[in-house]
Amino acid sequence: MQIIASHTNLDFDGLASMVAAKRLYPQAEMLVPAKLSPDVEYFLAIYKDTFPFKRRKDIDWNLVSTVILVDTNVISRTGDIKQYIHSHMNFIVYDHHPHSEDTVIAEKSIITSVGATVTLLIEEMQKKQVEITPFEATIFALGIYSDTGSFTYNQTSSRDLLAAAWCMEKGANLNVIGQYKDASLTKDAQHLLQNLLDQCETLSIDGLLILLATFDQKFYTGHLASITRKLMEITGTDAAYSIVKMGEKLFITARSASDRVSVLPVIQRLGGGGHSKAASAMKKSVTISEVLPVIKELIPSAIKPSITAADIMSSPVRVVSPETSIEVASKMLYRYGHTGFPVVDDEKLIGIISRRDVDKALHHHLGHAPVKGYMSRKPIVINPDESLETIQEFMIEKQIGRLPVIDRGELVGIVSRTDVISVMHGNIPYERISSTKVPLKRQMKDNMEKQLSPEAYELLTFIGKEADSLGMKAYLIGGMVRDLLMSRKNEDMDIVVEGDGITLADHLQQKYGGHVRSHEEFRTATWKYSYAFKVDLTSARTEYYDFPAALPKVELSTIKEDLFRRDFTINAMAICLHRDEFGELIDYFHGFEDLKQRQIRILYNLSFVEDPTRILRAIRFESRFHYAMDQQTEALAVESANNLLSVSKSRIANELSRLFMEENPLFSVKRFVKLGLLPFLIKDTDTETIILQRIKRLYDAVYRIKKSEVQVNNSLWIIYVLFLTTIKNKSWMEVEKYCLTKEDMKLLSNLQLLLKSDPLLDWSYHATKDEWHEVFSEFEVEVLISYFSLYPNVLTQGCDYLIAREKLTSIITGEDLIENGFDPGPHFRKLLLESEKIQLNNPKITSKEIIEHLISRNDI
């Protein structure tokens, strides 16, 4: 026998879930709890006879084998029947409340965070194509509407909306739903509401208001959940707890209107249940004075810390001086995508210049004028600890769009409307970068001595010393720093100089020799010191972009600004080479922490916009290090993917060639698909399934070939690009634009030529190696491995042939043929091919036996 049960004090979601479960399990009996919520009791007063409900006394509990629990996953919440339910019974559970240590072990369990439990059952009915009546649709919709607050509660999901839409299609009656979902309070309930308002206190915790309302009465009054919700609405508090003694029982009901307040942990400690926004408990023989102090003690621990200005501000802050011209300020606003700049004089904030101010000045042809004449003076500022709620109040009351963050008199960040909106919608603000005014420092000298060769270590020491002698500071930066922290071998030296990199490079050449190649525009130089070492020296600089995907313009700057322009935090660390601070790790942006967390994180919101190829680089690092982009970086990658269309094919090709040949191409292509990059890389893309199958076959084949010590040319990367397409006529022209070298183009052309004849189209699965060699001997390894990968049925044979062919050392030469009576001529080529075919089929054959075979075949 099966029974359907729910929680005591049954609400509309519980009722709807029971009725839905009955449709899914028609043989089961619906067991209504002894206690119903007043709303449900009011509803059933009219519709009770419509449902085949059973009471506890109607059930022969010895026959019960399965309990179907809905809208609860804990036996203790089933009220008067909990003593009859035993652990040896089978359980099926549908619930939207979270798991707990008391959650039953069930043979089937659907416990998912949605707005209403009946949504889960509706989805099951949809799968099984269960037909329902308009009245049932009305009950189901009533359950959804009541438990989601008409889709306004934060736990509401899109699944609830779809389930409600299905109910509407099935004839749900909105008039009935409206009549019962917000039923008027009875006189007793209204009286209790007033008493609770009279006897309440408000706690202020970390910017939130929590209402505690208590009352002691001799009789039972229902509607406590509705009363608590109305208490919260009337008082405007963020959460409310109603603690009411009714006779011998104490009822505690809690509601929350803030994501920062979860009422569930407090209620669970009192033996109750529910979810983060609504929960309740009942205790016997306990007084209000005993429970109230416990609740007060527990509430602070159930509140999430306030989001502060320090959490969401953009930092470091780009500023302008009061003498900066309006025209320059306008270009900077466009350059960085900002809507305003703080104006700083002698490191003190003196005003704000907004885009609107700048546009007005330009309209009046005042581009030459300094910003100090148009800035807003005495700006409203906040400190790093200011709460999000306070920030919102400032922006609303003062009609201001950006708030500078001041710490000990110094500008450390800025909060914009964009930051606030992003947080309100559950996102990390786009312009947020977790940076510090003072960098994390960690001594790396010992690591450098252990991991670097003596020559490399010595080279770094005298680069630092010579920079000091010129009044400059030199820093080791980028991948070598990252790899030192990861204990990976890397002596590819990138040096940033606070000063002029070209001047230092020329000085090093004069003193130690070598050769220097410089780039005036970027103030960079490459010093080739010896055969073993090539050092890139860069002037610390800020890069800006005139438009998305453009090549950068350069301004000289500091090490912090230089690191800020890097691609990812794990590449934005430096090691000081200055004599007094040699080996000190400089980490402004928590790159070391990201290394430990194994995550790839960009430094600022426009990173992928300014250089979309960084998206491909992020995937390459994910593959190489087995890291993952953090949530915000991945979201920005998806959002910025279309900017890849603005990048030249050669720049994208440079990234793709490294990504496909240095890392795992199958992983990379899967990431392309997930991030939606393919349409912005290739117009003529094939289906996801076909692409992944092709890439996997090619990757596996290359791995096998290389494992057999057969060399594969790096031009093979272009085939991975081709395999993203339909490989139709138009595909070749599109992929050709990505070719970087003549070898790339040659490989593509030869494969296209082979596909035109397409010998494998009618190939025998039992062909011998000499038959393979007859057809494919003149084609390079890269062409063949690409071609074979298009034919999964013969790929293994093809690889076997390639490995055998590449390991073959021919034992017959032209001289051998002449010595054995063959007249020289063009036919020698055919004879040598014939000897290779014989050798492939018989690896242990001797040269004499091959010659005898050739003589017999050619009548000599």
# chains A, B, ... in the order shown; residues from 1 in each chain; ligands from 1
>>> residues_around(residues="range 636-641 of chain A", least_positions_apart="5", cutoff="9 Å", atoms="only C-alpha atoms", output="compact mmCIF listing (two decimals) with N, CA and C atoms, in the first residue's frame")
# COMPACT_ATOMS: atom_id res chain seq x y z
N TYR A 430 31.20 44.64 -13.03
CA TYR A 430 32.11 44.52 -14.16
C TYR A 430 33.46 45.18 -13.90
N ASN A 605 37.20 45.05 -16.35
CA ASN A 605 36.05 44.64 -17.15
C ASN A 605 36.26 44.75 -18.65
N LEU A 606 37.08 45.70 -19.10
CA LEU A 606 37.26 45.90 -20.53
C LEU A 606 38.38 45.05 -21.11
N SER A 607 38.96 44.16 -20.32
CA SER A 607 40.11 43.40 -20.78
C SER A 607 39.83 42.64 -22.07
N PHE A 608 38.73 41.91 -22.13
CA PHE A 608 38.40 41.14 -23.33
C PHE A 608 37.91 42.03 -24.47
N VAL A 609 37.40 43.19 -24.13
CA VAL A 609 36.97 44.13 -25.17
C VAL A 609 38.19 44.75 -25.84
N PRO A 612 40.38 40.98 -27.52
CA PRO A 612 39.55 39.76 -27.51
C PRO A 612 40.36 38.47 -27.60
N ARG A 614 42.57 37.60 -25.79
CA ARG A 614 42.79 37.11 -24.42
C ARG A 614 41.80 36.00 -24.06
N ILE A 615 40.65 35.99 -24.71
CA ILE A 615 39.69 34.90 -24.46
C ILE A 615 40.33 33.57 -24.84
N GLN A 631 33.93 32.81 -12.38
CA GLN A 631 32.58 33.01 -12.92
C GLN A 631 32.47 34.33 -13.69
N LYS A 674 31.13 25.86 -25.43
CA LYS A 674 30.44 26.32 -24.22
C LYS A 674 30.36 27.84 -24.15
N LEU A 675 31.43 28.51 -24.56
CA LEU A 675 31.48 29.97 -24.46
C LEU A 675 30.85 30.66 -25.68
N GLY A 676 30.42 29.86 -26.67
CA GLY A 676 29.76 30.45 -27.85
C GLY A 676 30.73 31.17 -28.77
N LEU A 677 31.99 30.71 -28.85
CA LEU A 677 33.00 31.40 -29.65
C LEU A 677 32.98 31.00 -31.12
N PHE A 680 32.14 33.23 -34.10
CA PHE A 680 32.98 34.41 -34.26
C PHE A 680 34.39 34.04 -34.72
>>> residues_around(residues="His773 in chain A", least_positions_apart="2", cutoff="10 Å", atoms="only C-alpha atoms", output="list in words")
Thr768, Lys769, Asp770, Glu771, Val775, Phe776, Ser777, Glu778, Phe779, Tyr801, Leu802, Arg805, Leu833, Glu834, Glu836, Lys837 and Leu840 of chain A
>>> residues_around(residues="Lys742 in chain A", least_positions_apart="5", cutoff="10 Å", atoms="only C-alpha atoms", output="CSV table (one decimal) with N, CA and C atoms, in the first residue's frame")
chain,number,residue,atom,x,y,z
A,715,SER,N,52.5,22.8,-38.3
A,715,SER,CA,51.5,23.3,-39.2
A,715,SER,C,50.2,22.6,-39.1
A,747,LEU,N,50.1,22.6,-46.5
A,747,LEU,CA,49.4,21.4,-45.9
A,747,LEU,C,47.9,21.5,-46.3
A,748,LEU,N,47.4,22.7,-46.2
A,748,LEU,CA,45.9,22.8,-46.6
A,748,LEU,C,45.7,22.4,-48.0
>>> select_by_dssp(residues="range 259-499 of chain A", states="strand (DSSP E or B)", output="ChimeraX atom specification")
/A:261,273-274,278-284,303,308,314,320,325,340-345,348-354,370,376-377,382,387,402-407,410-416,440-443,473-477,493-498
>>> closest_residue(among="A:His766, A:His507, A:Arg260, A:Arg55", to="Leu388 in chain A", atoms="only C-alpha atoms")
A:Arg260
>>> select_by_dssp(residues="range 599-764 of chain A", states="helix (DSSP H, G or I)", output="JSON, numbers by chain")
{"A": [607, 608, 609, 610, 613, 614, 615, 616, 617, 618, 619, 620, 621, 622, 623, 624, 625, 631, 632, 633, 634, 635, 636, 637, 638, 639, 640, 641, 642, 643, 644, 645, 646, 649, 650, 651, 652, 653, 654, 655, 656, 657, 658, 659, 660, 661, 662, 665, 666, 667, 668, 669, 670, 671, 672, 673, 674, 675, 678, 679, 680, 681, 688, 689, 690, 691, 692, 693, 694, 695, 696, 697, 698, 699, 700, 701, 702, 703, 704, 705, 706, 707, 714, 715, 716, 717, 718, 719, 720, 721, 722, 729, 730, 731, 732, 733, 734, 735, 736, 742, 743, 744, 745, 746, 747, 748, 749, 750, 751, 752, 753, 754, 755, 756, 757, 759, 760, 761, 762]}
